[in-house]
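Below is the file model06.cif, which contains mmCIF, C-alpha atoms and all ligand atoms.
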```cif
data_coords
#
loop_
_atom_site.group_PDB
_atom_site.id
_atom_site.type_symbol
_atom_site.label_atom_id
_atom_site.label_comp_id
_atom_site.auth_asym_id
_atom_site.auth_seq_id
_atom_site.Cartn_x
_atom_site.Cartn_y
_atom_site.Cartn_z
ATOM 1 C CA MET A 259 0.000 0.000 0.000
ATOM 2 C CA LEU A 260 1.251 3.509 -0.860
ATOM 3 C CA PRO A 261 2.040 5.896 2.014
ATOM 4 C CA ALA A 262 -0.730 8.504 2.524
ATOM 5 C CA ALA A 263 1.204 11.347 0.857
ATOM 6 C CA ASP A 264 1.969 9.266 -2.243
ATOM 7 C CA SER A 265 -1.707 8.272 -2.469
ATOM 8 C CA ALA A 266 -2.749 11.927 -2.165
ATOM 9 C CA LEU A 267 -0.293 12.833 -4.915
ATOM 10 C CA ALA A 268 -1.647 10.048 -7.133
ATOM 11 C CA VAL A 269 -5.178 11.422 -6.705
ATOM 12 C CA VAL A 270 -4.047 14.932 -7.710
ATOM 13 C CA HIS A 271 -2.273 13.490 -10.750
ATOM 14 C CA GLU A 272 -5.387 11.606 -11.841
ATOM 15 C CA HIS A 273 -7.305 14.889 -11.770
ATOM 16 C CA ILE A 274 -4.585 16.554 -13.854
ATOM 17 C CA LEU A 275 -4.644 13.771 -16.458
ATOM 18 C CA SER A 276 -8.360 14.292 -17.076
ATOM 19 C CA CYS A 277 -8.418 18.079 -16.596
ATOM 20 C CA THR A 278 -10.104 20.292 -19.205
ATOM 21 C CA ALA A 279 -10.112 23.498 -17.149
ATOM 22 C CA CYS A 280 -8.220 25.594 -19.698
ATOM 23 C CA PRO A 281 -7.757 25.589 -23.493
ATOM 24 C CA LEU A 282 -4.352 23.888 -23.222
ATOM 25 C CA HIS A 283 -6.116 20.536 -22.962
ATOM 26 C CA ILE A 284 -7.315 20.782 -26.567
ATOM 27 C CA ARG A 285 -3.986 20.255 -28.323
ATOM 28 C CA ARG A 286 -2.082 18.256 -25.726
ATOM 29 C CA THR A 287 -1.081 14.665 -26.352
ATOM 30 C CA GLN A 288 -1.343 14.147 -22.629
ATOM 31 C CA ALA A 289 -1.053 16.162 -19.450
ATOM 32 C CA VAL A 290 2.267 16.003 -17.592
ATOM 33 C CA PRO A 291 1.539 16.039 -13.844
ATOM 34 C CA GLY A 292 5.111 15.586 -12.549
ATOM 35 C CA THR A 293 7.451 12.893 -11.296
ATOM 36 C CA GLY A 294 9.106 12.038 -8.010
ATOM 37 C CA PRO A 295 8.196 10.798 -4.567
ATOM 38 C CA ALA A 296 6.001 12.652 -2.077
ATOM 39 C CA SER A 297 8.929 12.303 0.346
ATOM 40 C CA ALA A 298 11.217 14.440 -1.888
ATOM 41 C CA ARG A 299 13.131 17.127 0.057
ATOM 42 C CA ILE A 300 13.633 19.169 -3.092
ATOM 43 C CA MET A 301 11.049 20.254 -5.648
ATOM 44 C CA VAL A 302 11.753 21.665 -9.096
ATOM 45 C CA VAL A 303 9.132 23.820 -10.835
ATOM 46 C CA GLY A 304 9.545 24.738 -14.496
ATOM 47 C CA GLU A 305 7.225 26.583 -16.862
ATOM 48 C CA GLY A 306 5.382 23.977 -18.917
ATOM 49 C CA PRO A 307 5.901 20.751 -20.867
ATOM 50 C CA GLY A 308 7.686 20.946 -24.215
ATOM 51 C CA GLU A 309 7.210 18.707 -27.224
ATOM 52 C CA THR A 310 9.104 15.694 -25.836
ATOM 53 C CA GLU A 311 7.448 16.006 -22.431
ATOM 54 C CA ASP A 312 4.017 16.193 -24.064
ATOM 55 C CA ARG A 313 4.793 13.014 -26.024
ATOM 56 C CA LEU A 314 6.279 11.031 -23.127
ATOM 57 C CA GLY A 315 4.114 12.373 -20.277
ATOM 58 C CA LYS A 316 7.129 13.248 -18.122
ATOM 59 C CA PRO A 317 8.616 16.640 -17.230
ATOM 60 C CA PHE A 318 12.133 17.695 -18.249
ATOM 61 C CA VAL A 319 13.021 14.757 -20.477
ATOM 62 C CA GLY A 320 14.369 16.714 -23.464
ATOM 63 C CA ALA A 321 17.725 18.462 -23.810
ATOM 64 C CA ALA A 322 16.905 20.871 -20.964
ATOM 65 C CA GLY A 323 15.979 17.829 -18.880
ATOM 66 C CA ASN A 324 19.451 16.372 -19.400
ATOM 67 C CA VAL A 325 20.946 19.625 -18.138
ATOM 68 C CA LEU A 326 18.676 19.526 -15.097
ATOM 69 C CA THR A 327 19.683 15.925 -14.338
ATOM 70 C CA ARG A 328 23.363 16.838 -14.567
ATOM 71 C CA LEU A 329 22.903 19.891 -12.337
ATOM 72 C CA LEU A 330 21.092 17.839 -9.694
ATOM 73 C CA GLU A 331 23.773 15.158 -9.797
ATOM 74 C CA SER A 332 26.504 17.803 -9.485
ATOM 75 C CA ILE A 333 25.310 18.466 -5.926
ATOM 76 C CA GLY A 334 24.672 14.838 -5.027
ATOM 77 C CA LEU A 335 20.955 14.664 -5.846
ATOM 78 C CA SER A 336 19.217 12.270 -8.184
ATOM 79 C CA ARG A 337 16.150 12.865 -10.307
ATOM 80 C CA GLU A 338 14.494 9.898 -8.609
ATOM 81 C CA ASP A 339 14.682 11.655 -5.229
ATOM 82 C CA THR A 340 13.447 14.981 -6.602
ATOM 83 C CA PHE A 341 9.879 16.038 -7.303
ATOM 84 C CA ILE A 342 9.805 17.689 -10.734
ATOM 85 C CA THR A 343 6.840 19.510 -12.205
ATOM 86 C CA ASN A 344 5.735 22.635 -14.083
ATOM 87 C CA VAL A 345 3.506 25.652 -13.559
ATOM 88 C CA VAL A 346 1.143 24.463 -16.312
ATOM 89 C CA LYS A 347 0.732 20.739 -16.812
ATOM 90 C CA CYS A 348 -0.199 20.802 -20.513
ATOM 91 C CA ARG A 349 1.999 21.960 -23.376
ATOM 92 C CA PRO A 350 1.321 25.446 -24.724
ATOM 93 C CA PRO A 351 1.107 25.037 -28.531
ATOM 94 C CA GLY A 352 4.386 25.855 -30.287
ATOM 95 C CA ASN A 353 5.997 26.269 -26.849
ATOM 96 C CA ARG A 354 4.473 29.724 -26.519
ATOM 97 C CA ASP A 355 4.343 31.363 -23.081
ATOM 98 C CA PRO A 356 1.415 30.216 -20.974
ATOM 99 C CA GLU A 357 -1.385 32.794 -20.705
ATOM 100 C CA PRO A 358 -2.065 34.217 -17.220
ATOM 101 C CA SER A 359 -5.544 32.638 -17.329
ATOM 102 C CA GLU A 360 -3.969 29.221 -18.048
ATOM 103 C CA VAL A 361 -1.497 29.626 -15.181
ATOM 104 C CA GLU A 362 -4.385 30.604 -12.940
ATOM 105 C CA ALA A 363 -6.530 27.653 -14.027
ATOM 106 C CA CYS A 364 -3.681 25.248 -13.282
ATOM 107 C CA SER A 365 -2.595 26.829 -9.999
ATOM 108 C CA GLU A 366 -4.640 24.583 -7.730
ATOM 109 C CA PHE A 367 -2.674 21.555 -8.924
ATOM 110 C CA LEU A 368 0.731 23.078 -8.181
ATOM 111 C CA ASP A 369 -0.529 24.326 -4.810
ATOM 112 C CA ALA A 370 -1.728 20.808 -3.962
ATOM 113 C CA GLN A 371 1.605 19.259 -4.994
ATOM 114 C CA VAL A 372 3.570 21.722 -2.836
ATOM 115 C CA GLU A 373 1.216 21.130 0.084
ATOM 116 C CA ILE A 374 1.574 17.343 -0.129
ATOM 117 C CA VAL A 375 5.340 17.148 -0.763
ATOM 118 C CA ARG A 376 6.311 19.949 1.662
ATOM 119 C CA PRO A 377 9.870 20.114 0.321
ATOM 120 C CA ASP A 378 12.776 21.777 2.132
ATOM 121 C CA VAL A 379 13.601 23.797 -0.974
ATOM 122 C CA ILE A 380 11.647 24.684 -4.116
ATOM 123 C CA LEU A 381 13.816 25.442 -7.141
ATOM 124 C CA ILE A 382 12.061 27.895 -9.441
ATOM 125 C CA LEU A 383 13.204 27.535 -13.037
ATOM 126 C CA GLY A 384 12.681 30.580 -15.220
ATOM 127 C CA ARG A 385 10.613 33.735 -15.157
ATOM 128 C CA HIS A 386 7.120 32.207 -15.531
ATOM 129 C CA ALA A 387 7.619 29.943 -12.554
ATOM 130 C CA LEU A 388 9.097 32.909 -10.675
ATOM 131 C CA ALA A 389 6.042 35.070 -11.418
ATOM 132 C CA ARG A 390 3.724 32.261 -10.329
ATOM 133 C CA LEU A 391 5.491 31.253 -7.108
ATOM 134 C CA LEU A 392 6.949 34.581 -5.991
ATOM 135 C CA PRO A 393 4.610 37.245 -7.390
ATOM 136 C CA GLY A 394 6.017 40.752 -7.113
ATOM 137 C CA SER A 395 9.601 39.460 -7.054
ATOM 138 C CA PRO A 396 12.343 41.317 -8.967
ATOM 139 C CA GLY A 397 13.308 39.642 -12.246
ATOM 140 C CA ILE A 398 15.258 36.400 -12.517
ATOM 141 C CA THR A 399 18.490 38.265 -13.327
ATOM 142 C CA GLN A 400 18.306 39.977 -9.921
ATOM 143 C CA VAL A 401 17.255 37.047 -7.741
ATOM 144 C CA HIS A 402 18.803 33.917 -9.289
ATOM 145 C CA GLY A 403 20.681 31.792 -6.757
ATOM 146 C CA ARG A 404 19.247 33.663 -3.789
ATOM 147 C CA LYS A 405 17.385 32.083 -0.923
ATOM 148 C CA VAL A 406 13.877 33.535 -0.645
ATOM 149 C CA ILE A 407 11.651 32.691 2.300
ATOM 150 C CA ARG A 408 7.906 33.249 1.880
ATOM 151 C CA GLY A 409 5.654 31.950 4.610
ATOM 152 C CA GLU A 410 7.059 28.618 5.723
ATOM 153 C CA ARG A 411 8.646 27.844 2.354
ATOM 154 C CA LEU A 412 12.174 28.320 1.052
ATOM 155 C CA TYR A 413 12.582 29.080 -2.650
ATOM 156 C CA VAL A 414 15.622 29.467 -4.887
ATOM 157 C CA PRO A 415 15.010 31.056 -8.307
ATOM 158 C CA LEU A 416 17.328 29.794 -11.052
ATOM 159 C CA TYR A 417 17.749 30.391 -14.752
ATOM 160 C CA HIS A 418 15.813 27.890 -16.835
ATOM 161 C CA PRO A 419 18.128 25.107 -18.120
ATOM 162 C CA ALA A 420 16.727 25.647 -21.641
ATOM 163 C CA ALA A 421 18.016 29.240 -21.570
ATOM 164 C CA ALA A 422 21.462 28.013 -20.523
ATOM 165 C CA LEU A 423 21.657 25.275 -23.181
ATOM 166 C CA TYR A 424 23.393 27.448 -25.763
ATOM 167 C CA ASN A 425 24.819 30.108 -23.470
ATOM 168 C CA GLY A 426 28.051 29.136 -21.733
ATOM 169 C CA SER A 427 28.113 31.992 -19.242
ATOM 170 C CA LEU A 428 24.499 31.354 -18.197
ATOM 171 C CA MET A 429 25.389 27.679 -17.731
ATOM 172 C CA ARG A 430 28.298 28.599 -15.454
ATOM 173 C CA THR A 431 25.974 30.847 -13.427
ATOM 174 C CA LEU A 432 23.486 27.982 -13.151
ATOM 175 C CA GLU A 433 26.223 25.626 -11.945
ATOM 176 C CA GLU A 434 27.395 28.148 -9.337
ATOM 177 C CA ASP A 435 23.818 28.699 -8.165
ATOM 178 C CA MET A 436 23.374 24.940 -7.737
ATOM 179 C CA LEU A 437 26.326 24.913 -5.323
ATOM 180 C CA LYS A 438 24.464 27.510 -3.276
ATOM 181 C CA VAL A 439 21.405 25.222 -3.324
ATOM 182 C CA ARG A 440 23.583 22.464 -1.798
ATOM 183 C CA GLY A 441 24.469 24.865 1.012
ATOM 184 C CA TYR A 442 20.795 25.731 1.629
ATOM 185 C CA LEU A 443 19.865 22.038 1.732
ATOM 186 C CA ASP A 444 22.672 21.250 4.168
ATOM 187 C CA ALA A 445 21.537 24.095 6.414
ATOM 188 C CA ALA A 446 17.921 22.857 6.300
ATOM 189 C CA GLU A 447 19.083 19.335 7.173
ATOM 190 C CA ALA A 448 21.203 20.597 10.084
ATOM 191 C CA GLU A 449 18.230 22.597 11.364
ATOM 192 C CA ARG A 450 15.978 19.547 11.179
ATOM 193 C CA ARG A 451 18.494 17.426 13.098
ATOM 194 C CA HIS A 452 18.879 20.136 15.726
ATOM 195 C CA ALA A 453 15.077 20.382 16.144
ATOM 196 C CA ALA A 454 14.808 16.576 16.396
ATOM 197 C CA ALA A 455 17.575 16.466 19.028
ATOM 198 C CA GLU A 456 15.867 19.205 21.058
ATOM 199 C CA ALA A 457 12.526 17.399 20.846
ATOM 200 C CA ALA A 458 14.199 14.194 22.053
ATOM 201 C CA VAL A 459 15.658 16.055 25.074
ATOM 202 C CA ASP A 460 12.216 17.485 25.886
ATOM 203 C CA GLU A 461 10.738 13.984 25.873
ATOM 204 C CA THR A 462 13.429 12.462 28.125
ATOM 205 C CA PRO A 463 11.732 11.718 31.493
ATOM 206 C CA GLU A 464 13.263 13.557 34.418
ATOM 207 C CA VAL A 465 14.986 11.261 36.907
ATOM 208 C CA ASP A 466 13.584 11.445 40.399
ATOM 209 C CA PRO A 467 16.470 12.689 42.644
ATOM 210 C CA ARG A 468 15.407 10.208 45.357
ATOM 211 C CA HIS A 469 16.028 7.411 42.874
ATOM 212 C CA GLN A 470 19.500 8.810 42.102
ATOM 213 C CA LEU A 471 20.354 8.929 45.811
ATOM 214 C CA SER A 472 19.264 5.336 46.254
ATOM 215 C CA LEU A 473 22.276 4.312 44.146
ATOM 216 C CA PHE A 474 24.503 5.330 47.059
ATOM 217 C CA ASP A 475 22.463 3.795 49.900
HETATM 218 FE FE1 LIG B 501 -5.983 21.587 -16.721
HETATM 219 FE FE2 LIG B 501 -3.626 22.685 -16.164
HETATM 220 FE FE3 LIG B 501 -3.896 21.256 -18.391
HETATM 221 FE FE4 LIG B 501 -5.074 23.634 -18.207
HETATM 222 S S1 LIG B 501 -2.851 23.233 -18.195
HETATM 223 S S2 LIG B 501 -6.026 21.746 -18.962
HETATM 224 S S3 LIG B 501 -5.651 23.693 -16.021
HETATM 225 S S4 LIG B 501 -4.071 20.500 -16.277
#
```

Could I get this structure in the form of structure tokens?
Amino acid sequence: MLPAADSALAVVHEHILSCTACPLHIRRTQAVPGTGPASARIMVVGEGPGETEDRLGKPFVGAAGNVLTRLLESIGLSREDTFITNVVKCRPPGNRDPEPSEVEACSEFLDAQVEIVRPDVILILGRHALARLLPGSPGITQVHGRKVIRGERLYVPLYHPAAALYNGSLMRTLEEDMLKVRGYLDAAEAERRHAAAEAAVDETPEVDPRHQLSLFD
């Protein structure tokens, strides 16, 4: 039997696969809900499926996907341990930008995924994902690689791997920003361990001093 969070994620993904809430459903081959376990500590959010993703039903499987895989592996993460999805789950025709109304129609699915996975860090790939997840933020050129805390969530905006594919300096920036992500993850892990250790101390029963004295009777 699947753990509760994985079951909840599967239910959301079934809804996505049959969704007709915006015009993007008309020309899609299939919707692309996302991949990865509900237990993922890191979540990646891109803009929308491209041609290969639309055909295969998986996010980031084209050339940009290969870059993403390499970037994750460069800081010791695997795709299998990462939850990967997009702002819109169906391919905009001709890879055009998603319309605000399409982003809005699809927002409940991304919100549900974030709520179920509750990752330590959400990597925001590109300006559309940035506008959706951190509305009002300065542009990607100003905030890439920075840690942004909104509510109880930690976000790191990054350039989209597709933009870096044919731009060497952007690729180097992306690689440097990923090293910062490793640092943020390590800090989150250390914080979690510290909180767990403190909770364990709180739960340790106090020893009755009379019992301690009895050792020396
Ligand atoms: Fe539904 Fe989102 Fe696909 Fe639009 S893009 S049809 S809202 S799943």

### Task
Please write out the residues within 6 Å of ligand LIG 501 (chain B) as a VMD selection string, counting all atoms listed in the file.
chain A and resid 274 277 to 280 282 to 283 289 346 to 348 360 363 to 364

#### Entry: Atom-to-atom span, CA of Asp378 (chain A) and CA of Leu392 (chain A), Å
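One can read the CA of Asp378 (chain A) to CA of Leu392 (chain A) distance as 16.2 Å.
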
9 Å contact set for Leu368 (chain A), only C-alpha atoms, chain neighbours under 2 positions out, as a CSV table (one decimal) with C-alpha atoms, in the frame of the given file:
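Result file follows (part-v6.csv):
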```csv
chain,number,residue,atom,x,y,z
A,303,VAL,CA,9.1,23.8,-10.8
A,343,THR,CA,6.8,19.5,-12.2
A,344,ASN,CA,5.7,22.6,-14.1
A,345,VAL,CA,3.5,25.7,-13.6
A,346,VAL,CA,1.1,24.5,-16.3
A,347,LYS,CA,0.7,20.7,-16.8
A,364,CYS,CA,-3.7,25.2,-13.3
A,365,SER,CA,-2.6,26.8,-10.0
A,366,GLU,CA,-4.6,24.6,-7.7
A,370,ALA,CA,-1.7,20.8,-4.0
A,371,GLN,CA,1.6,19.3,-5.0
A,372,VAL,CA,3.6,21.7,-2.8
A,373,GLU,CA,1.2,21.1,0.1
```

### Task
Give as a ChimeraX atom specification the residues that the PyMOL selection byres (((chain A and resi 418-420) around 7) and not hetatm) matches when applied to the coordinates above.
/A:322,325-326,383-384,416-417,421-423

### Query
Just how far from CA of Ile284 (chain A) is CA of Asp312 (chain A), in Å to one decimal?
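Rounded to one decimal, the two atoms are 12.5 Å apart.
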
### Query
Could you spell out the hits of the PyMOL selection byres (((chain A and resi 275) around 8) and not hetatm) on the shown file, as JSON, numbers by chain?
{"A": [271, 272, 273, 274, 276, 277, 288, 289, 290, 291]}

### Task
Up to 12 Å from (8.0, 27.7, 6.3) in the file's coordinates: name the residues, counting all atoms listed in the file, as a list of chain:residue names.
A:Val372, A:Glu373, A:Arg376, A:Pro377, A:Asp378, A:Val379, A:Ile380, A:Val406, A:Ile407, A:Arg408, A:Gly409, A:Glu410, A:Arg411, A:Leu412, A:Tyr413, A:Ala446

### Task
State, in Å with one decimal place, the distance from CA of Ala298 (chain A) to CA of Val361 (chain A).
23.9 Å

### Message
Under the PyMOL selection byres (((chain A and resi 403) around 10) and not hetatm), which residues of this model are included? Write them out as a ChimeraX atom specification.
### Response
/A:381-382,398-402,404-406,413-417,431-439
